[in-house]
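Data block below; observations after.
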Amino acid sequence: MLIRLLCTAVLALSVFPLLMNNATGHEFTDSDMEHYRERIKTMFYHAYNNYLDNAFPYDELRPLTCDGQDTWGSFSLTLIDALDTLLILGNHSEFQRVASLLQDTVDFDIDVNASVFETNIRVVGGLLSAHLLSKRAGMEVESGWPCSGPLLRMAEEAARKLLPAFQTQTGMPYGTVNLLKGVSPTETPVTCTAGVGTFILEFATLSRLTGDPIFEEVARRALRSLWKTRSDIGLVGNHIDVLTKKWVAQDAGIGAGVDSYFEYLVKGAIMLQDEELLNMFHEYDKAIQNYTRFDDWYLWVQMHKGTVSMPVFQSLEAFWPGLQSMVGDLDSAVRTFMNYYSVWRQFGGLPEFYNIPQGYTVDKREGYPLRPELIESAMYLFKATGDHTFLQLGRDAVESLETISRVDCGYASVKDMRDHKLDNRMESFFLAETIKYLYLLFDPSNFLLQPQAWEEGAGPSEDCVLGAGGYIFNTEAHPLDPAALHCCSRRPQERQELQDILLHLSEPPAPTQDSQSEDMPMPGQSESIALKPGARRTAPVLSCPMQPFSARLSVLGQVFSDNT
């Protein structure tokens with residue numbers, strides 16, 4: 001452990017000269033930080049109030065026509081996505097009002113085809129985060145919180161609507177599900193890699209809070225099934241047939257269609273203290289570094305041969321430096337960040353695709369839908385290094401958004417970064433992620449980044465402490481508190497004890513081997529408390545770290561596993 005820490009210190013020192021060579025020399029004072037926090041708050045409320053005035057209860061605001069549209073399922077999505085941002089900005093009263101409003105207005109019993117991936121990260125993730133932050137926001141919570149509560153029940157209801165998508169022989173989910181009818185018989189079995197591997201944070205949190213293991217079980221089964229499909233050189237493609245396990249699109253990279261799969265392996269490992277997930281990521285990272293990295297850019301390659309198929313940078317890849325900082329690869333993270341930052345400076349934002357050899361945009365991929373990924377990486381890297389170069393990206397982002405995207409009714413996506421023509425859309429992630437990460441970049445002492453006053457919960461565990469630090473952001477920037485998983489941990493244990501008692505009482509005398517069924521329930525079907533005679537279910541693995549989560553995140557932003 002000491003050797004690892006010393007090596008990390010040396011590595012961090014080697015990074016600083018590179019940062020200084022790329023910096024303009026501007027140092028941000030406390031007054032500067034406060035100035036940008038206030039500007040970002042003003043940006044948030046300009047967008048948020050226009051959504052309420054012109055678009056609610058639709059999913060999204062159309063800022064050029066000052067009206068709304070449903071996009072991902074008719075959930076008032078922007079309101080759900082913006083809820084925890086309200087608290088982060090300090091607006092407790094509006095958080096309370098919106099939390100109550102959502103309970104009264106959102107209905108998941110509707111005949112709507114919804115994206116399994118998007119509904120999970122935005123709706124389930126947003127509701128879980130709001131539930132775990134509700135006490136901090138001054139809401140009156142139920143007895144037994146955080147193991148119960150109306151927002152938790154909403155999150156569970158939404159997640160149950162997604163479970164039919166996981167009822168496949170492979171365990172990998174369909175990409176779309178009808179919230180009322182389940183999966184259509186004509187639904188395509190082809191979905192993206194991220195659509196298979198981006199559930200473990202939300203679903204494990206649900207299982208640990210509610211005591212129902214089905215959510216974590218289906219998420220883990222999907223991850224393990226996907227893991228078995230990697231190529232001989234250790235890569236995965238970006239679209240797969242979930243019924244046959246055959247790769248339909250064999251381009252391997254870290255961007256669109258794959259990105260959050262890798263993200264959830266790292267963050268899932270941290271939140272659940274799970275070595276299996278961390279080992280999966282390290283194996284992938286070896287292949288990624290060997291076959292896709294060129295001069296600190298990451299290209300797209302053929303997953304079986306490793307030959308370059310697309311020499312492009314995609315804006316979604318800009319999350320990668322932040323992820324690298326979480327596993328301690330700071331030198332590589334900073335170099336790659338500076339490459340991406342150079343593209344931002346060239347256009348005033350990140351075009352969706354950027355041709356690296358030509359140094360320009362890719363035809364029909366010139367837009368910038370106000371994505372957060374580069375700002376997200378800047379937040380992690382500033383936290384890890386304290387270097388003001390990353391604040392300069394935040395400053396540039398504020399100026400770009402205000403100059404290019406601000407319109408009378410909100411902020412408009414950019415249709416073409418070459419001439420800054422605008423598109424009539426403001427996606428919900430603008431308030432959930434872009435504004436949130438911008439604000440946190442300039443507020444390093446925020447409770448999400450710096451442990452402050454902790455809270456007591458009233459769950460089954462006597463030592464239930466929340467808010468002690470180590471929040472994990474899902475891929476929609478909704479913060480989840482790992483301590484809450486321990487807080488509710490006794491509920492599955494008590495459930496298992498009750499099952500054991502009922503099993504003992506209902507056990508028939510001397511059952512023969514032939515009479516015992518080996519059939520297991522399909523994913524998505526919750527088992528009854530009284531299981532079949534002879535059947536046992538192992539309780540979810542419970543991990544209680546020996547040191548606070550904040551301690552594991554305190555050394556240059558790194559995370560150390562127990563066997564380091």
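We name chains A, B, ... following the order of the structure tokens; residues begin at 1 in each chain, and ligands are numbered from 1 as shown.
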Worksheet item: If you count only C-alpha atoms, which residues fall within 8 Å of Ile472 of chain A, apart from same-chain ones fewer than 3 positions away, as a PyMOL selection string?
Response: chain A and resi 267+271+479-482
Item to complete: Can you list, as a PyMOL selection string, all residues belonging to segment 157-389 of chain A that DSSP tags as strand (DSSP E or B)?
Response: chain A and resi 176-178+182+190-192+239-241+247-249+251-252+293-294+297-298+300-302+308-310+312-314+353-355+360-361+368
How about saving the chosen residues, N, CA and C atoms kept, as an mmCIF file, in the first residue's frame?
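Wrote again.cif, looks like this:
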data_model
loop_
_atom_site.group_PDB
_atom_site.id
_atom_site.type_symbol
_atom_site.label_atom_id
_atom_site.label_comp_id
_atom_site.auth_asym_id
_atom_site.auth_seq_id
_atom_site.Cartn_x
_atom_site.Cartn_y
_atom_site.Cartn_z
ATOM 1 N N THR A 176 -35.792 -1.857 -25.712
ATOM 2 C CA THR A 176 -37.046 -1.122 -25.544
ATOM 3 C C THR A 176 -38.081 -2.014 -24.881
ATOM 4 N N VAL A 177 -38.911 -1.411 -24.036
ATOM 5 C CA VAL A 177 -39.981 -2.145 -23.374
ATOM 6 C C VAL A 177 -41.216 -1.253 -23.331
ATOM 7 N N ASN A 178 -42.383 -1.850 -23.497
ATOM 8 C CA ASN A 178 -43.627 -1.116 -23.318
ATOM 9 C C ASN A 178 -43.979 -1.143 -21.833
ATOM 10 N N GLY A 182 -45.061 -4.814 -21.697
ATOM 11 C CA GLY A 182 -43.810 -5.565 -21.728
ATOM 12 C C GLY A 182 -43.129 -5.464 -23.079
ATOM 13 N N VAL A 190 -31.458 -6.436 -31.182
ATOM 14 C CA VAL A 190 -30.155 -5.768 -31.280
ATOM 15 C C VAL A 190 -30.156 -4.527 -30.388
ATOM 16 N N THR A 191 -29.174 -4.431 -29.519
ATOM 17 C CA THR A 191 -29.032 -3.257 -28.664
ATOM 18 C C THR A 191 -27.558 -2.937 -28.488
ATOM 19 N N CYS A 192 -27.280 -1.754 -27.973
ATOM 20 C CA CYS A 192 -25.886 -1.345 -27.822
ATOM 21 C C CYS A 192 -25.279 -1.959 -26.553
ATOM 22 N N HIS A 239 -22.703 -3.020 -30.797
ATOM 23 C CA HIS A 239 -24.093 -3.481 -30.873
ATOM 24 C C HIS A 239 -24.106 -5.004 -30.926
ATOM 25 N N ILE A 240 -25.008 -5.607 -30.147
ATOM 26 C CA ILE A 240 -25.041 -7.049 -30.010
ATOM 27 C C ILE A 240 -26.479 -7.550 -30.077
ATOM 28 N N ASP A 241 -26.650 -8.767 -30.583
ATOM 29 C CA ASP A 241 -27.953 -9.442 -30.569
ATOM 30 C C ASP A 241 -28.091 -10.124 -29.211
ATOM 31 N N TRP A 247 -22.246 -10.401 -32.297
ATOM 32 C CA TRP A 247 -21.980 -8.975 -32.456
ATOM 33 C C TRP A 247 -22.451 -8.510 -33.823
ATOM 34 N N VAL A 248 -23.295 -7.495 -33.827
ATOM 35 C CA VAL A 248 -23.843 -6.943 -35.068
ATOM 36 C C VAL A 248 -22.967 -5.809 -35.578
ATOM 37 N N ALA A 249 -22.460 -4.991 -34.667
ATOM 38 C CA ALA A 249 -21.506 -3.931 -35.002
ATOM 39 C C ALA A 249 -20.216 -4.222 -34.258
ATOM 40 N N ASP A 251 -17.230 -2.594 -34.241
ATOM 41 C CA ASP A 251 -16.291 -1.512 -33.954
ATOM 42 C C ASP A 251 -16.107 -1.411 -32.447
ATOM 43 N N ALA A 252 -14.865 -1.449 -31.996
ATOM 44 C CA ALA A 252 -14.551 -1.373 -30.571
ATOM 45 C C ALA A 252 -13.938 -0.020 -30.244
ATOM 46 N N ARG A 293 -5.472 3.047 -28.377
ATOM 47 C CA ARG A 293 -4.816 4.300 -28.001
ATOM 48 C C ARG A 293 -3.680 4.638 -28.953
ATOM 49 N N PHE A 294 -3.746 5.858 -29.476
ATOM 50 C CA PHE A 294 -2.695 6.360 -30.358
ATOM 51 C C PHE A 294 -2.432 7.823 -30.002
ATOM 52 N N TRP A 297 -4.936 9.740 -28.035
ATOM 53 C CA TRP A 297 -6.302 9.690 -28.558
ATOM 54 C C TRP A 297 -6.747 8.230 -28.512
ATOM 55 N N TYR A 298 -8.038 8.021 -28.552
ATOM 56 C CA TYR A 298 -8.571 6.654 -28.579
ATOM 57 C C TYR A 298 -9.419 6.488 -29.844
ATOM 58 N N TRP A 300 -11.300 4.004 -32.986
ATOM 59 C CA TRP A 300 -12.179 2.830 -33.096
ATOM 60 C C TRP A 300 -11.484 1.778 -33.936
ATOM 61 N N VAL A 301 -11.525 0.527 -33.451
ATOM 62 C CA VAL A 301 -10.826 -0.558 -34.133
ATOM 63 C C VAL A 301 -11.770 -1.747 -34.313
ATOM 64 N N GLN A 302 -11.399 -2.652 -35.202
ATOM 65 C CA GLN A 302 -12.156 -3.881 -35.380
ATOM 66 C C GLN A 302 -11.913 -4.781 -34.163
ATOM 67 N N VAL A 308 -7.557 -0.322 -37.226
ATOM 68 C CA VAL A 308 -8.327 0.914 -37.103
ATOM 69 C C VAL A 308 -9.480 0.923 -38.110
ATOM 70 N N SER A 309 -10.673 1.178 -37.614
ATOM 71 C CA SER A 309 -11.844 1.258 -38.486
ATOM 72 C C SER A 309 -12.367 2.686 -38.608
ATOM 73 N N MET A 310 -12.217 3.489 -37.544
ATOM 74 C CA MET A 310 -12.647 4.892 -37.578
ATOM 75 C C MET A 310 -11.652 5.736 -36.781
ATOM 76 N N VAL A 312 -11.603 8.553 -35.405
ATOM 77 C CA VAL A 312 -12.371 9.711 -34.966
ATOM 78 C C VAL A 312 -12.415 9.771 -33.438
ATOM 79 N N PHE A 313 -12.587 10.998 -32.958
ATOM 80 C CA PHE A 313 -12.887 11.248 -31.550
ATOM 81 C C PHE A 313 -14.365 11.591 -31.460
ATOM 82 N N GLN A 314 -15.089 10.910 -30.591
ATOM 83 C CA GLN A 314 -16.494 11.206 -30.367
ATOM 84 C C GLN A 314 -16.636 11.962 -29.056
ATOM 85 N N PHE A 353 -18.625 14.098 -33.705
ATOM 86 C CA PHE A 353 -17.496 13.341 -34.256
ATOM 87 C C PHE A 353 -16.437 14.332 -34.738
ATOM 88 N N TYR A 354 -15.187 13.987 -34.484
ATOM 89 C CA TYR A 354 -14.061 14.822 -34.897
ATOM 90 C C TYR A 354 -13.027 13.918 -35.558
ATOM 91 N N ASN A 355 -12.710 14.181 -36.830
ATOM 92 C CA ASN A 355 -11.734 13.382 -37.563
ATOM 93 C C ASN A 355 -10.329 13.790 -37.115
ATOM 94 N N TYR A 360 -10.801 18.023 -38.164
ATOM 95 C CA TYR A 360 -12.051 18.743 -38.436
ATOM 96 C C TYR A 360 -13.249 17.834 -38.154
ATOM 97 N N THR A 361 -14.437 18.417 -38.281
ATOM 98 C CA THR A 361 -15.651 17.668 -37.990
ATOM 99 C C THR A 361 -15.905 16.597 -39.043
ATOM 100 N N TYR A 368 -23.489 19.761 -31.417
ATOM 101 C CA TYR A 368 -23.136 19.680 -29.996
ATOM 102 C C TYR A 368 -24.424 19.838 -29.187
#
Worksheet item: What are the DSSP helix (DSSP H, G or I) residues of segment 98-224 of chain A, as a PyMOL selection string?
Response: chain A and resi 98-105+116-133+150-166+194-197+200-210+214-224
Would you output that residue set with C-alpha atoms, as a compact mmCIF listing (two decimals), in the first residue's frame?
# COMPACT_ATOMS: atom_id res chain seq x y z
CA VAL A 98 -41.07 19.22 -7.09
CA ALA A 99 -40.64 15.98 -5.13
CA SER A 100 -44.25 16.24 -4.01
CA LEU A 101 -45.41 17.24 -7.49
CA LEU A 102 -43.77 14.20 -9.08
CA GLN A 103 -45.49 11.87 -6.63
CA ASP A 104 -48.84 13.31 -7.70
CA THR A 105 -48.30 13.55 -11.46
CA VAL A 116 -34.67 0.57 -21.00
CA PHE A 117 -31.29 2.29 -20.79
CA GLU A 118 -32.55 5.88 -20.70
CA THR A 119 -35.37 5.14 -18.27
CA ASN A 120 -32.90 3.51 -15.92
CA ILE A 121 -30.23 6.20 -15.87
CA ARG A 122 -32.59 9.19 -15.93
CA VAL A 123 -35.78 8.12 -14.16
CA VAL A 124 -34.69 5.33 -11.80
CA GLY A 125 -31.36 7.04 -11.11
CA GLY A 126 -32.95 10.45 -10.63
CA LEU A 127 -35.60 9.17 -8.23
CA LEU A 128 -33.09 7.13 -6.21
CA SER A 129 -30.80 10.12 -5.86
CA ALA A 130 -33.67 12.40 -4.83
CA HIS A 131 -34.84 9.81 -2.31
CA LEU A 132 -31.39 9.58 -0.70
CA LEU A 133 -31.04 13.38 -0.61
CA PRO A 150 -42.35 7.56 -1.67
CA LEU A 151 -39.53 8.41 -4.09
CA LEU A 152 -37.95 5.01 -3.46
CA ARG A 153 -41.28 3.35 -4.24
CA MET A 154 -41.51 5.34 -7.46
CA ALA A 155 -38.00 4.26 -8.44
CA GLU A 156 -38.87 0.64 -7.70
CA GLU A 157 -42.09 0.88 -9.73
CA ALA A 158 -40.21 2.31 -12.70
CA ALA A 159 -37.51 -0.38 -12.47
CA ARG A 160 -40.08 -3.18 -12.31
CA LYS A 161 -41.49 -1.91 -15.59
CA LEU A 162 -38.05 -2.60 -17.10
CA LEU A 163 -37.63 -6.14 -15.77
CA PRO A 164 -39.50 -7.87 -18.64
CA ALA A 165 -36.70 -6.69 -20.96
CA PHE A 166 -34.27 -8.94 -19.05
CA ALA A 194 -23.99 0.22 -22.93
CA GLY A 195 -27.66 -0.81 -23.07
CA VAL A 196 -26.62 -4.17 -21.61
CA GLY A 197 -23.99 -3.11 -19.07
CA ILE A 200 -25.52 -2.24 -11.78
CA LEU A 201 -25.44 1.11 -9.94
CA GLU A 202 -29.18 1.77 -9.94
CA PHE A 203 -30.33 -1.85 -9.69
CA ALA A 204 -27.90 -2.81 -6.90
CA THR A 205 -28.94 0.29 -4.99
CA LEU A 206 -32.60 -0.68 -5.39
CA SER A 207 -31.96 -4.22 -4.20
CA ARG A 208 -29.96 -3.12 -1.18
CA LEU A 209 -32.52 -0.48 -0.19
CA THR A 210 -35.68 -2.54 -0.73
CA ILE A 214 -34.04 -9.38 -8.28
CA PHE A 215 -32.74 -6.03 -9.55
CA GLU A 216 -29.11 -6.67 -8.67
CA GLU A 217 -29.39 -10.25 -9.91
CA VAL A 218 -30.52 -9.28 -13.41
CA ALA A 219 -27.92 -6.51 -13.64
CA ARG A 220 -25.10 -8.89 -12.66
CA ARG A 221 -26.34 -11.61 -14.99
CA ALA A 222 -26.30 -9.15 -17.89
CA LEU A 223 -22.77 -8.00 -17.01
CA ARG A 224 -21.42 -11.54 -16.79
Using only C-alpha atoms, find each residue of segment 279-300 of chain A with at least one atom at most 10 Å away from an atom of segment 255-264 of chain A; report its shortest atom-to-atom pair and that distance in Å (one decimal), sort the rows by chain and rising residue number, and return the result as a Markdown table.
| residue | atom | partner | partner_atom | distance |
| --- | --- | --- | --- | --- |
| A:Met280 | CA | A:Phe262 | CA | 8.9 |
| A:Phe281 | CA | A:Phe262 | CA | 6.4 |
| A:His282 | CA | A:Phe262 | CA | 9.8 |
| A:Tyr284 | CA | A:Phe262 | CA | 8.2 |
| A:Asp285 | CA | A:Phe262 | CA | 8.9 |
| A:Tyr298 | CA | A:Gly255 | CA | 9.0 |
| A:Leu299 | CA | A:Gly255 | CA | 9.2 |
| A:Trp300 | CA | A:Gly255 | CA | 8.6 |
Fill in: Asp296 of chain A surroundings by only C-alpha atoms, 8 Å radius, close-in-sequence under 3 positions cut, as a PyMOL selection string
chain A and resi 293+332+335-336+339
Selection above as a file: N, CA and C atoms, as a PDB file, in the first residue's frame:
ATOM      1  N   ARG A 293      -5.472   3.047 -28.377  1.00  0.00           N
ATOM      2  CA  ARG A 293      -4.816   4.300 -28.001  1.00  0.00           C
ATOM      3  C   ARG A 293      -3.680   4.638 -28.953  1.00  0.00           C
ATOM      4  N   SER A 332      -1.974   9.705 -18.009  1.00  0.00           N
ATOM      5  CA  SER A 332      -2.705   9.459 -19.248  1.00  0.00           C
ATOM      6  C   SER A 332      -3.982  10.286 -19.306  1.00  0.00           C
ATOM      7  N   ARG A 335      -3.171  13.959 -20.299  1.00  0.00           N
ATOM      8  CA  ARG A 335      -2.768  14.095 -21.703  1.00  0.00           C
ATOM      9  C   ARG A 335      -3.970  13.964 -22.638  1.00  0.00           C
ATOM     10  N   THR A 336      -4.815  13.010 -22.363  1.00  0.00           N
ATOM     11  CA  THR A 336      -5.998  12.833 -23.207  1.00  0.00           C
ATOM     12  C   THR A 336      -6.956  14.012 -23.041  1.00  0.00           C
ATOM     13  N   ASN A 339      -5.917  16.865 -25.202  1.00  0.00           N
ATOM     14  CA  ASN A 339      -6.304  16.655 -26.601  1.00  0.00           C
ATOM     15  C   ASN A 339      -7.752  17.071 -26.833  1.00  0.00           C
TER      16      ASN A 339
END
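Distance annotation: of A:Cys488, A:Leu272, A:Leu401, A:Leu323, the residue with the minimal separation from Leu422 of chain A is A:Leu401; atom set is only C-alpha atoms.
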Tell me, counting only C-alpha atoms, for each residue of segment 42-64 of chain A within 8 Å of segment 72-89 of chain A, which pair of atoms is nearest and how far apart they are in Å to one decimal, in rows ordered by chain and increasing number, as a Markdown table.
| residue | atom | partner | partner_atom | distance |
| --- | --- | --- | --- | --- |
| A:Tyr51 | CA | A:Thr78 | CA | 7.9 |
| A:Phe56 | CA | A:Ser76 | CA | 6.5 |
| A:Pro57 | CA | A:Ser76 | CA | 5.0 |
| A:Tyr58 | CA | A:Ser76 | CA | 5.1 |
| A:Asp59 | CA | A:Ser76 | CA | 4.3 |
| A:Glu60 | CA | A:Thr78 | CA | 5.8 |
Worksheet, complete the sentence: What separates atom CA of Phe390 of chain A and atom CA of Trp344 of chain A is a distance of 12.7 Å
Fill in: For Arg136 of chain A: contacts at 12 Å, only C-alpha atoms, fewer than 2 positions along chain excluded, given as a VMD selection string
chain A and resid 84 86 to 88 90 to 93 95 to 96 129 to 134 138 to 141 146 447 to 448 452 to 457 466 to 467
